[in-house]
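Chemist: Mind having a look at this structure? Questions to follow.
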Amino acid sequence: MEELKKYKWMIPLISGAERHVRRKLLNNLRKKKDHFYPEGDYNADVKNLINCMLCPNMCRFDCGTLQAAGKETIGPAYKSRIGYLLTIGKIDPEDPENKEFIDLMYKCSNEENCKIWCPFDFSVVSLLETVRDDINEKGLMPNYCKEQIEKLQETGTIEDHNIFKTYEEKNIENIDTNGDDEVFYYIGCETMKFPKVVQANIEILKRAGVKFSTNLDERVCCAAPALNIRDFDMVKQLADKNIELIKKTGAKIVVSDCPGCVHALTKRYQQTGTINGEYIRKERVKEVTELPEEFSRNIFEGGPEVIHIVEYIKRLVDHGSLTLKDVPEKYQTVTIHDPCLLARNLNDFNSIRAILKAIPNIKINEPVYNKEDTHCCGWSGTVHWADKEIAIKESENRIKELKDTGANIIVTACPTCELGLAYGIEEQEKSKIEIIDLSELLMKAF
C-alpha cells in the first residue's frame, strides 16, 4: 500500500486526460519494451531511466549538484534522459562531439537526496552507475577516471603515493596484528590526510582498553573510488587484499573512520558479489529497484561486523568505558554536518548526537538540512573529478547552511566531508570557522 501511495499523483492526470490521450498512454505503457528499449546487450537500467526522465522531477529542488551548477541540464531527470539516449544510441557515445554527455554521467556527488523524493524509490546515482557500465565496456571511460584507476593500480590508494606508508612522518602509530585482535581499526585513505584525527581515534581506543591493530604497512584502499567509476577488475584486486587482511587480524569488529569505507566493505561488496575473497559478478540485476535494501553488516559470512567508528565510540560511552568532561568554551556550541553516506546509506545519524550529548556542556545548533535530509559536502561521488567548480560551489552552499545555525564549530565524522567542506570556507573566515572531527572534539573532553 505504501508503494501505491507514491503513484497517487498520476491518477488524476490520467483520468482527466482526453480519451485518445489515455488510449495512447496506456498503449505505450503496454508496448514500452517494443517501442522504447534498445536492441542487443546493454547494462543500463532502461526501465528506471525512463521512469526517472518522465517523472515531475521534484528531486531537482534537493539535488546538490543542480543547485550548485544552477542549470536544469544537470538535474536528475535530465541526466537520466541523457543516459537513456546514450544507451539506445540516439546520442552516439563514441562521437567526440558528445563528450559533454559522457561527462554528465559523472557529474553526481552520490548524496542520494533524489531517493528521498523519488516515487519509484531509487536513486539516480544507481541509474548513472549502470550507464557507466556501458560507457566502460565501449572503452570510453573519461581520462579523469582513468587517472584514479592508475593511482589505485600503482599505489593501492587514491593518491599518487601510498598514503598509508606516510604514518611515520605524520607521527601516526602503526600497530601490527598478532592475529587475535578485538578490533581492526581500518583507517581510510582520506583520513591519512588528517593525522590528528587518526591520532585521536587511536588514543580513544587505547583509553577504552581495546585490543586493536592498524596494519598500515599492508593497507590498500577499500575500492570505493573504483566502485564509483565501475572498474570491477580493480574492485576485485583491492577487495581480495582487504578481505585477506581482515581475516588475518582475527578481529571481531572492523571499525573505520570513513563512512565510504564501511559502505564499500559491506553493502557495495555484497551488491557486486565480492564475498569470501572472491569476486563473483552475479547475473546482472537488470533494475536497481531489485537490489535489496538490507545488507549484512558482516564483510563475509561468519566474519567480523563492520561499523563506523562513531557507532563504536557510542558503545564505549554507553558501557562506561569512556567518561567525557566539559570542553573548552570555544567548543561549547557546535553544529553537525551529517555525512551523506553515514546518515542515509548506513542509517546512522544518532550516534554522533548521542556522543555529543554525553559531553556535559555542549550545545548543538542543528542545521535545517540534517540527519537523513543532510546536504552533501560536494566531494563525494565523481563530480569533483568531472567538474571541480561544481563541487566547490556545492561545498560553499553547504557551509552557508551550517553558518546559518550561528555556530562556528562544525562537527562531522567523515574525512571526505572535512576535505570538501574546507573548500567552502572563504579565506577571511578560516580563522573563525573550524571543521573538526568528532574524535578530535572528544580529545578536548577527557
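The chains in the C-alpha cells are called A, B, ... from first to last as shown; in each chain the residues are counted from 1, and the ligands are counted from 1 in the order shown.
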Do a neighbour search on range 383-386 of chain A at 6 Å with only C-alpha atoms, toss out local chain neighbours closer than 5 positions, and write the hits as a compact mmCIF listing (two decimals) with N, CA and C atoms, in the first residue's frame.
Modeler:
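The new file selection25.txt reads:
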# COMPACT_ATOMS: atom_id res chain seq x y z
N TYR A 106 28.92 11.55 -14.94
CA TYR A 106 29.81 11.54 -13.78
C TYR A 106 29.64 12.78 -12.91
N LYS A 107 28.77 13.69 -13.30
CA LYS A 107 28.57 14.91 -12.53
C LYS A 107 27.50 14.69 -11.46
N CYS A 108 27.88 13.86 -10.50
CA CYS A 108 26.97 13.47 -9.42
C CYS A 108 27.80 13.28 -8.15
N SER A 109 27.31 13.81 -7.05
CA SER A 109 28.07 13.72 -5.80
C SER A 109 27.64 12.54 -4.93
N ALA A 391 31.67 21.10 -7.62
CA ALA A 391 31.89 20.52 -6.29
C ALA A 391 32.19 21.61 -5.27
Chemist: Extract, using only C-alpha atoms, all DNA, RNA and protein residues at most 7 Å from Gly64 in chain A, discarding same-chain residues fewer than 5 positions from it, and format them as an mmCIF file with C-alpha atoms, in the first residue's frame.
Modeler:
data_model
loop_
_atom_site.group_PDB
_atom_site.id
_atom_site.type_symbol
_atom_site.label_atom_id
_atom_site.label_comp_id
_atom_site.auth_asym_id
_atom_site.auth_seq_id
_atom_site.Cartn_x
_atom_site.Cartn_y
_atom_site.Cartn_z
ATOM 1 C CA HIS A 375 23.138 18.020 2.150
ATOM 2 C CA CYS A 376 26.439 16.963 0.611
ATOM 3 C CA GLU A 394 28.189 22.672 -3.567
#
Chemist: Would you please extract all strand (DSSP E) residues from range 54-220 of chain A, as assigned by DSSP on the backbone, and give them as a count of residues only?
Modeler: 6
Chemist: With only C-alpha atoms as the atoms that count, which of A:Met443, A:Ile433, A:Cys261, A:Ile299 lies nearest to Thr416 in chain A?
Modeler: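 Looking only at the distances to Thr416 in chain A, the closest residue turns out to be A:Cys261.
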Chemist: Go through range 31-55 of chain A and flag each residue having an atom no more than 7 Å from range 81-99 of chain A; for those, report the closest pair of atoms plus their distance in Å to one decimal, using only C-alpha atoms, ordered by chain and rising number, as CSV.
Modeler:
residue,atom,partner,partner_atom,distance
A:Pro38,CA,A:Ile88,CA,4.9
A:Ala44,CA,A:Thr87,CA,6.8
A:Val46,CA,A:Tyr84,CA,6.5
A:Leu49,CA,A:Tyr84,CA,6.1
A:Met53,CA,A:Arg81,CA,5.1
Chemist: I'd like the neighbourhood of range 220-232 of chain A as a PyMOL selection string, where a residue qualifies if any of its atoms comes within 6 Å (using only C-alpha atoms), though same-chain residues fewer than 2 positions away should be ignored.
Modeler: chain A and resi 156-157+234-235+238+261+264
Chemist: Do you know which residues are at most 9 Å from Ile246 in chain A counting only C-alpha atoms, after dropping those on the same chain fewer than 6 positions away, and could you put them as a PDB file with N, CA and C atoms, in the first residue's frame?
Modeler:
ATOM      1  N   PHE A 184      39.879  -4.282  14.433  1.00  0.00           N
ATOM      2  CA  PHE A 184      40.788  -3.815  13.383  1.00  0.00           C
ATOM      3  C   PHE A 184      40.365  -2.390  13.069  1.00  0.00           C
ATOM      4  N   VAL A 254      35.423  -4.736  12.674  1.00  0.00           N
ATOM      5  CA  VAL A 254      36.218  -3.813  11.860  1.00  0.00           C
ATOM      6  C   VAL A 254      35.591  -2.431  12.047  1.00  0.00           C
ATOM      7  N   GLY A 303      32.212 -13.652   9.310  1.00  0.00           N
ATOM      8  CA  GLY A 303      33.284 -12.683   9.503  1.00  0.00           C
ATOM      9  C   GLY A 303      32.899 -11.576  10.465  1.00  0.00           C
ATOM     10  N   PRO A 304      33.809 -10.624  10.677  1.00  0.00           N
ATOM     11  CA  PRO A 304      33.564  -9.565  11.647  1.00  0.00           C
ATOM     12  C   PRO A 304      32.506  -8.563  11.191  1.00  0.00           C
TER      13      PRO A 304
END
Chemist: Identify, on the basis of only C-alpha atoms, every residue whose closest approach to range 332-341 of chain A does not exceed 8 Å; exclude the query and any residue fewer than 3 positions from it along the same chain; express the result as a ChimeraX atom specification.
Modeler: /A:111-112,259-260,263,327-329,344-346,349,361-367,370-372,374-377,402,405,407-414,417
Chemist: Per DSSP on the backbone, filter range 14-207 of chain A down to the residues in alpha helix (DSSP H) and report them as an mmCIF file with N, CA and C atoms, in the first residue's frame.
Modeler:
data_model
loop_
_atom_site.group_PDB
_atom_site.id
_atom_site.type_symbol
_atom_site.label_atom_id
_atom_site.label_comp_id
_atom_site.auth_asym_id
_atom_site.auth_seq_id
_atom_site.Cartn_x
_atom_site.Cartn_y
_atom_site.Cartn_z
ATOM 1 N N ILE A 14 -4.141 10.996 -15.395
ATOM 2 C CA ILE A 14 -4.589 10.030 -16.404
ATOM 3 C C ILE A 14 -6.098 10.102 -16.591
ATOM 4 N N SER A 15 -6.829 10.120 -15.471
ATOM 5 C CA SER A 15 -8.297 10.131 -15.575
ATOM 6 C C SER A 15 -8.827 11.431 -16.174
ATOM 7 N N ARG A 19 -9.793 11.118 -24.035
ATOM 8 C CA ARG A 19 -9.853 9.681 -24.269
ATOM 9 C C ARG A 19 -8.725 9.196 -25.166
ATOM 10 N N HIS A 20 -8.444 9.913 -26.259
ATOM 11 C CA HIS A 20 -7.406 9.456 -27.181
ATOM 12 C C HIS A 20 -6.015 9.534 -26.542
ATOM 13 N N VAL A 21 -5.848 10.499 -25.616
ATOM 14 C CA VAL A 21 -4.574 10.610 -24.910
ATOM 15 C C VAL A 21 -4.392 9.423 -23.965
ATOM 16 N N ARG A 22 -5.473 9.076 -23.236
ATOM 17 C CA ARG A 22 -5.403 7.929 -22.327
ATOM 18 C C ARG A 22 -5.105 6.647 -23.102
ATOM 19 N N ARG A 23 -5.765 6.499 -24.275
ATOM 20 C CA ARG A 23 -5.564 5.301 -25.077
ATOM 21 C C ARG A 23 -4.107 5.194 -25.532
ATOM 22 N N LYS A 24 -3.551 6.324 -25.970
ATOM 23 C CA LYS A 24 -2.164 6.328 -26.439
ATOM 24 C C LYS A 24 -1.198 6.040 -25.287
ATOM 25 N N LEU A 25 -1.481 6.639 -24.134
ATOM 26 C CA LEU A 25 -0.624 6.442 -22.967
ATOM 27 C C LEU A 25 -0.619 4.976 -22.539
ATOM 28 N N LEU A 26 -1.790 4.400 -22.394
ATOM 29 C CA LEU A 26 -1.893 3.014 -21.954
ATOM 30 C C LEU A 26 -1.309 2.042 -22.982
ATOM 31 N N ASN A 27 -1.478 2.356 -24.266
ATOM 32 C CA ASN A 27 -0.911 1.520 -25.323
ATOM 33 C C ASN A 27 0.613 1.536 -25.268
ATOM 34 N N ASN A 28 1.172 2.735 -25.051
ATOM 35 C CA ASN A 28 2.623 2.846 -24.960
ATOM 36 C C ASN A 28 3.167 2.147 -23.716
ATOM 37 N N LEU A 29 2.379 2.191 -22.628
ATOM 38 C CA LEU A 29 2.803 1.501 -21.422
ATOM 39 C C LEU A 29 2.864 -0.005 -21.656
ATOM 40 N N ARG A 30 1.859 -0.537 -22.376
ATOM 41 C CA ARG A 30 1.810 -1.966 -22.652
ATOM 42 C C ARG A 30 2.943 -2.410 -23.568
ATOM 43 N N LYS A 32 5.893 -0.749 -24.143
ATOM 44 C CA LYS A 32 7.082 0.090 -23.957
ATOM 45 C C LYS A 32 8.384 -0.633 -24.325
ATOM 46 N N LYS A 33 8.440 -1.953 -24.089
ATOM 47 C CA LYS A 33 9.675 -2.672 -24.420
ATOM 48 C C LYS A 33 9.885 -2.756 -25.926
ATOM 49 N N ASP A 34 8.791 -2.802 -26.668
ATOM 50 C CA ASP A 34 8.905 -2.822 -28.127
ATOM 51 C C ASP A 34 9.299 -1.455 -28.675
ATOM 52 N N HIS A 35 8.789 -0.406 -28.059
ATOM 53 C CA HIS A 35 8.957 0.945 -28.610
ATOM 54 C C HIS A 35 10.175 1.688 -28.069
ATOM 55 N N PHE A 36 10.526 1.428 -26.805
ATOM 56 C CA PHE A 36 11.487 2.315 -26.145
ATOM 57 C C PHE A 36 12.751 1.630 -25.636
ATOM 58 N N VAL A 46 17.308 0.515 -18.133
ATOM 59 C CA VAL A 46 16.474 1.305 -19.040
ATOM 60 C C VAL A 46 15.098 1.590 -18.434
ATOM 61 N N LYS A 47 14.501 0.592 -17.802
ATOM 62 C CA LYS A 47 13.164 0.783 -17.228
ATOM 63 C C LYS A 47 13.135 1.991 -16.298
ATOM 64 N N ASN A 48 14.077 2.047 -15.393
ATOM 65 C CA ASN A 48 14.044 3.122 -14.403
ATOM 66 C C ASN A 48 14.636 4.422 -14.926
ATOM 67 N N LEU A 49 15.480 4.358 -15.957
ATOM 68 C CA LEU A 49 15.886 5.595 -16.637
ATOM 69 C C LEU A 49 14.656 6.268 -17.242
ATOM 70 N N ILE A 50 13.778 5.468 -17.857
ATOM 71 C CA ILE A 50 12.542 6.002 -18.441
ATOM 72 C C ILE A 50 11.636 6.542 -17.338
ATOM 73 N N ASN A 51 11.474 5.778 -16.259
ATOM 74 C CA ASN A 51 10.658 6.252 -15.141
ATOM 75 C C ASN A 51 11.149 7.600 -14.631
ATOM 76 N N CYS A 52 12.470 7.725 -14.510
ATOM 77 C CA CYS A 52 13.054 8.950 -13.968
ATOM 78 C C CYS A 52 12.870 10.124 -14.919
ATOM 79 N N MET A 53 13.123 9.900 -16.196
ATOM 80 C CA MET A 53 13.089 11.029 -17.129
ATOM 81 C C MET A 53 11.668 11.528 -17.390
ATOM 82 N N GLY A 64 22.008 18.509 -4.879
ATOM 83 C CA GLY A 64 23.117 19.417 -4.576
ATOM 84 C C GLY A 64 23.887 19.867 -5.791
ATOM 85 N N THR A 65 24.120 18.957 -6.745
ATOM 86 C CA THR A 65 24.891 19.343 -7.926
ATOM 87 C C THR A 65 24.092 20.294 -8.818
ATOM 88 N N LEU A 66 22.784 20.084 -8.904
ATOM 89 C CA LEU A 66 21.949 21.001 -9.692
ATOM 90 C C LEU A 66 21.944 22.389 -9.060
ATOM 91 N N GLN A 67 21.756 22.438 -7.742
ATOM 92 C CA GLN A 67 21.732 23.735 -7.057
ATOM 93 C C GLN A 67 23.077 24.445 -7.186
ATOM 94 N N ALA A 68 24.157 23.675 -7.186
ATOM 95 C CA ALA A 68 25.489 24.269 -7.311
ATOM 96 C C ALA A 68 25.740 24.773 -8.728
ATOM 97 N N ALA A 69 25.317 23.990 -9.716
ATOM 98 C CA ALA A 69 25.546 24.373 -11.111
ATOM 99 C C ALA A 69 24.576 25.454 -11.566
ATOM 100 N N PRO A 76 18.591 15.584 -11.977
ATOM 101 C CA PRO A 76 18.496 14.116 -12.014
ATOM 102 C C PRO A 76 17.763 13.574 -13.241
ATOM 103 N N ALA A 77 16.573 14.106 -13.539
ATOM 104 C CA ALA A 77 15.793 13.576 -14.663
ATOM 105 C C ALA A 77 16.483 13.845 -15.997
ATOM 106 N N TYR A 78 17.139 14.993 -16.117
ATOM 107 C CA TYR A 78 17.845 15.305 -17.367
ATOM 108 C C TYR A 78 19.006 14.328 -17.560
ATOM 109 N N LYS A 79 19.734 14.048 -16.473
ATOM 110 C CA LYS A 79 20.841 13.089 -16.575
ATOM 111 C C LYS A 79 20.319 11.700 -16.955
ATOM 112 N N SER A 80 19.165 11.331 -16.398
ATOM 113 C CA SER A 80 18.567 10.036 -16.774
ATOM 114 C C SER A 80 18.173 10.031 -18.248
ATOM 115 N N ARG A 81 17.643 11.153 -18.702
ATOM 116 C CA ARG A 81 17.233 11.248 -20.115
ATOM 117 C C ARG A 81 18.446 11.080 -21.036
ATOM 118 N N ILE A 82 19.536 11.754 -20.687
ATOM 119 C CA ILE A 82 20.758 11.643 -21.499
ATOM 120 C C ILE A 82 21.318 10.224 -21.411
ATOM 121 N N GLY A 83 21.274 9.624 -20.206
ATOM 122 C CA GLY A 83 21.736 8.245 -20.055
ATOM 123 C C GLY A 83 20.940 7.293 -20.924
ATOM 124 N N TYR A 84 19.635 7.516 -21.000
ATOM 125 C CA TYR A 84 18.769 6.693 -21.847
ATOM 126 C C TYR A 84 19.128 6.876 -23.321
ATOM 127 N N LEU A 85 19.308 8.112 -23.744
ATOM 128 C CA LEU A 85 19.623 8.392 -25.153
ATOM 129 C C LEU A 85 20.997 7.839 -25.541
ATOM 130 N N LEU A 86 21.943 7.853 -24.599
ATOM 131 C CA LEU A 86 23.246 7.231 -24.857
ATOM 132 C C LEU A 86 23.101 5.718 -25.005
ATOM 133 N N THR A 87 22.228 5.136 -24.191
ATOM 134 C CA THR A 87 22.041 3.687 -24.208
ATOM 135 C C THR A 87 21.389 3.208 -25.500
ATOM 136 N N ILE A 88 20.364 3.935 -25.963
ATOM 137 C CA ILE A 88 19.652 3.481 -27.167
ATOM 138 C C ILE A 88 20.323 3.963 -28.447
ATOM 139 N N LYS A 99 31.196 14.274 -26.008
ATOM 140 C CA LYS A 99 31.921 14.021 -24.756
ATOM 141 C C LYS A 99 31.224 14.669 -23.561
ATOM 142 N N GLU A 100 30.623 15.842 -23.763
ATOM 143 C CA GLU A 100 29.973 16.511 -22.637
ATOM 144 C C GLU A 100 28.822 15.667 -22.079
ATOM 145 N N PHE A 101 28.199 14.855 -22.932
ATOM 146 C CA PHE A 101 27.118 13.992 -22.457
ATOM 147 C C PHE A 101 27.677 12.819 -21.647
ATOM 148 N N ILE A 102 28.847 12.323 -22.067
ATOM 149 C CA ILE A 102 29.529 11.294 -21.279
ATOM 150 C C ILE A 102 29.893 11.869 -19.917
ATOM 151 N N ASP A 103 30.478 13.067 -19.897
ATOM 152 C CA ASP A 103 30.880 13.704 -18.643
ATOM 153 C C ASP A 103 29.703 13.908 -17.709
ATOM 154 N N LEU A 104 28.536 14.180 -18.279
ATOM 155 C CA LEU A 104 27.346 14.411 -17.464
ATOM 156 C C LEU A 104 27.011 13.201 -16.602
ATOM 157 N N ASN A 113 20.014 12.481 -2.324
ATOM 158 C CA ASN A 113 18.812 13.206 -1.905
ATOM 159 C C ASN A 113 17.648 12.899 -2.842
ATOM 160 N N CYS A 114 17.987 12.564 -4.082
ATOM 161 C CA CYS A 114 16.945 12.252 -5.065
ATOM 162 C C CYS A 114 16.070 11.090 -4.608
ATOM 163 N N LYS A 115 16.655 10.134 -3.897
ATOM 164 C CA LYS A 115 15.889 8.958 -3.477
ATOM 165 C C LYS A 115 14.803 9.324 -2.473
ATOM 166 N N ILE A 116 15.044 10.352 -1.666
ATOM 167 C CA ILE A 116 14.059 10.775 -0.672
ATOM 168 C C ILE A 116 12.764 11.199 -1.357
ATOM 169 N N TRP A 117 12.899 11.831 -2.532
ATOM 170 C CA TRP A 117 11.746 12.370 -3.245
ATOM 171 C C TRP A 117 11.160 11.401 -4.265
ATOM 172 N N VAL A 124 19.190 8.242 -8.462
ATOM 173 C CA VAL A 124 19.763 8.460 -9.790
ATOM 174 C C VAL A 124 21.232 8.041 -9.803
ATOM 175 N N VAL A 125 21.869 8.080 -8.629
ATOM 176 C CA VAL A 125 23.247 7.598 -8.511
ATOM 177 C C VAL A 125 23.350 6.179 -9.083
ATOM 178 N N SER A 126 22.444 5.309 -8.638
ATOM 179 C CA SER A 126 22.471 3.912 -9.076
ATOM 180 C C SER A 126 22.199 3.791 -10.569
ATOM 181 N N LEU A 127 21.285 4.620 -11.081
ATOM 182 C CA LEU A 127 20.987 4.588 -12.513
ATOM 183 C C LEU A 127 22.207 5.005 -13.332
ATOM 184 N N LEU A 128 22.865 6.076 -12.903
ATOM 185 C CA LEU A 128 24.039 6.558 -13.645
ATOM 186 C C LEU A 128 25.152 5.517 -13.641
ATOM 187 N N GLU A 129 25.267 4.778 -12.545
ATOM 188 C CA GLU A 129 26.304 3.742 -12.494
ATOM 189 C C GLU A 129 26.056 2.663 -13.538
ATOM 190 N N THR A 130 24.794 2.330 -13.803
ATOM 191 C CA THR A 130 24.522 1.315 -14.834
ATOM 192 C C THR A 130 24.877 1.846 -16.221
ATOM 193 N N VAL A 131 24.710 3.149 -16.431
ATOM 194 C CA VAL A 131 25.108 3.756 -17.713
ATOM 195 C C VAL A 131 26.633 3.754 -17.833
ATOM 196 N N ARG A 132 27.325 4.022 -16.718
ATOM 197 C CA ARG A 132 28.792 3.999 -16.723
ATOM 198 C C ARG A 132 29.312 2.605 -17.086
ATOM 199 N N ASP A 133 28.578 1.568 -16.680
ATOM 200 C CA ASP A 133 28.982 0.206 -17.059
ATOM 201 C C ASP A 133 29.083 0.084 -18.576
ATOM 202 N N ASP A 134 28.082 0.609 -19.272
ATOM 203 C CA ASP A 134 28.092 0.552 -20.740
ATOM 204 C C ASP A 134 29.196 1.426 -21.319
ATOM 205 N N ILE A 135 29.398 2.603 -20.726
ATOM 206 C CA ILE A 135 30.454 3.516 -21.191
ATOM 207 C C ILE A 135 31.812 2.824 -21.093
ATOM 208 N N ASN A 136 32.055 2.159 -19.977
ATOM 209 C CA ASN A 136 33.338 1.474 -19.780
ATOM 210 C C ASN A 136 33.518 0.323 -20.765
ATOM 211 N N GLU A 137 32.438 -0.437 -21.010
ATOM 212 C CA GLU A 137 32.533 -1.570 -21.933
ATOM 213 C C GLU A 137 32.843 -1.115 -23.360
ATOM 214 N N ASN A 143 39.148 10.354 -19.037
ATOM 215 C CA ASN A 143 40.538 10.382 -18.583
ATOM 216 C C ASN A 143 40.650 10.654 -17.084
ATOM 217 N N TYR A 144 39.763 11.537 -16.554
ATOM 218 C CA TYR A 144 39.859 11.857 -15.125
ATOM 219 C C TYR A 144 39.533 10.632 -14.269
ATOM 220 N N CYS A 145 38.787 9.682 -14.809
ATOM 221 C CA CYS A 145 38.546 8.420 -14.096
ATOM 222 C C CYS A 145 39.722 7.467 -14.282
ATOM 223 N N LYS A 146 40.260 7.424 -15.494
ATOM 224 C CA LYS A 146 41.429 6.572 -15.748
ATOM 225 C C LYS A 146 42.581 6.940 -14.824
ATOM 226 N N GLU A 147 42.742 8.242 -14.571
ATOM 227 C CA GLU A 147 43.822 8.702 -13.681
ATOM 228 C C GLU A 147 43.668 8.125 -12.281
ATOM 229 N N GLN A 148 42.439 8.041 -11.802
ATOM 230 C CA GLN A 148 42.201 7.484 -10.460
ATOM 231 C C GLN A 148 42.516 5.985 -10.443
ATOM 232 N N ILE A 149 42.119 5.294 -11.499
ATOM 233 C CA ILE A 149 42.384 3.851 -11.578
ATOM 234 C C ILE A 149 43.888 3.588 -11.654
ATOM 235 N N GLU A 150 44.607 4.426 -12.394
ATOM 236 C CA GLU A 150 46.059 4.277 -12.494
ATOM 237 C C GLU A 150 46.715 4.428 -11.131
ATOM 238 N N LYS A 151 46.234 5.399 -10.332
ATOM 239 C CA LYS A 151 46.793 5.592 -8.987
ATOM 240 C C LYS A 151 46.481 4.394 -8.097
ATOM 241 N N LEU A 152 45.266 3.887 -8.189
ATOM 242 C CA LEU A 152 44.905 2.704 -7.406
ATOM 243 C C LEU A 152 45.771 1.509 -7.789
ATOM 244 N N GLN A 153 46.074 1.388 -9.084
ATOM 245 C CA GLN A 153 46.905 0.285 -9.574
ATOM 246 C C GLN A 153 48.336 0.421 -9.074
ATOM 247 N N GLU A 154 48.863 1.642 -9.118
ATOM 248 C CA GLU A 154 50.278 1.871 -8.809
ATOM 249 C C GLU A 154 50.556 1.945 -7.310
ATOM 250 N N THR A 155 49.642 2.536 -6.547
ATOM 251 C CA THR A 155 49.924 2.784 -5.126
ATOM 252 C C THR A 155 48.975 2.054 -4.172
ATOM 253 N N PRO A 195 46.137 13.666 10.174
ATOM 254 C CA PRO A 195 46.833 12.879 11.201
ATOM 255 C C PRO A 195 46.239 13.037 12.595
ATOM 256 N N LYS A 196 45.766 14.243 12.932
ATOM 257 C CA LYS A 196 45.215 14.463 14.277
ATOM 258 C C LYS A 196 43.967 13.617 14.512
ATOM 259 N N VAL A 197 43.212 13.375 13.447
ATOM 260 C CA VAL A 197 42.018 12.523 13.572
ATOM 261 C C VAL A 197 42.429 11.087 13.872
ATOM 262 N N VAL A 198 43.412 10.587 13.127
ATOM 263 C CA VAL A 198 43.893 9.211 13.341
ATOM 264 C C VAL A 198 44.481 9.085 14.744
ATOM 265 N N GLN A 199 45.301 10.063 15.132
ATOM 266 C CA GLN A 199 45.910 10.032 16.466
ATOM 267 C C GLN A 199 44.834 10.030 17.551
ATOM 268 N N ALA A 200 43.783 10.830 17.348
ATOM 269 C CA ALA A 200 42.704 10.901 18.337
ATOM 270 C C ALA A 200 41.975 9.568 18.444
ATOM 271 N N ASN A 201 41.680 8.951 17.310
ATOM 272 C CA ASN A 201 40.978 7.667 17.346
ATOM 273 C C ASN A 201 41.811 6.583 18.018
ATOM 274 N N ILE A 202 43.104 6.576 17.747
ATOM 275 C CA ILE A 202 43.994 5.605 18.393
ATOM 276 C C ILE A 202 44.001 5.822 19.904
ATOM 277 N N GLU A 203 44.067 7.080 20.315
ATOM 278 C CA GLU A 203 44.081 7.393 21.746
ATOM 279 C C GLU A 203 42.761 6.989 22.410
ATOM 280 N N ILE A 204 41.647 7.222 21.731
ATOM 281 C CA ILE A 204 40.331 6.852 22.271
ATOM 282 C C ILE A 204 40.242 5.341 22.483
ATOM 283 N N LEU A 205 40.684 4.576 21.489
ATOM 284 C CA LEU A 205 40.653 3.116 21.610
ATOM 285 C C LEU A 205 41.558 2.633 22.744
ATOM 286 N N LYS A 206 42.711 3.264 22.901
ATOM 287 C CA LYS A 206 43.620 2.891 23.984
ATOM 288 C C LYS A 206 43.016 3.220 25.344
ATOM 289 N N ARG A 207 42.406 4.400 25.468
ATOM 290 C CA ARG A 207 41.791 4.801 26.733
ATOM 291 C C ARG A 207 40.698 3.823 27.158
#
Chemist: Could you work out how far CA of Ser395 in chain A lies from CA of Gly378 in chain A, giving the answer in Å with one decimal?
Modeler: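 Value for the CA of Gly378 in chain A-CA of Ser395 in chain A distance: 5.0 Å.
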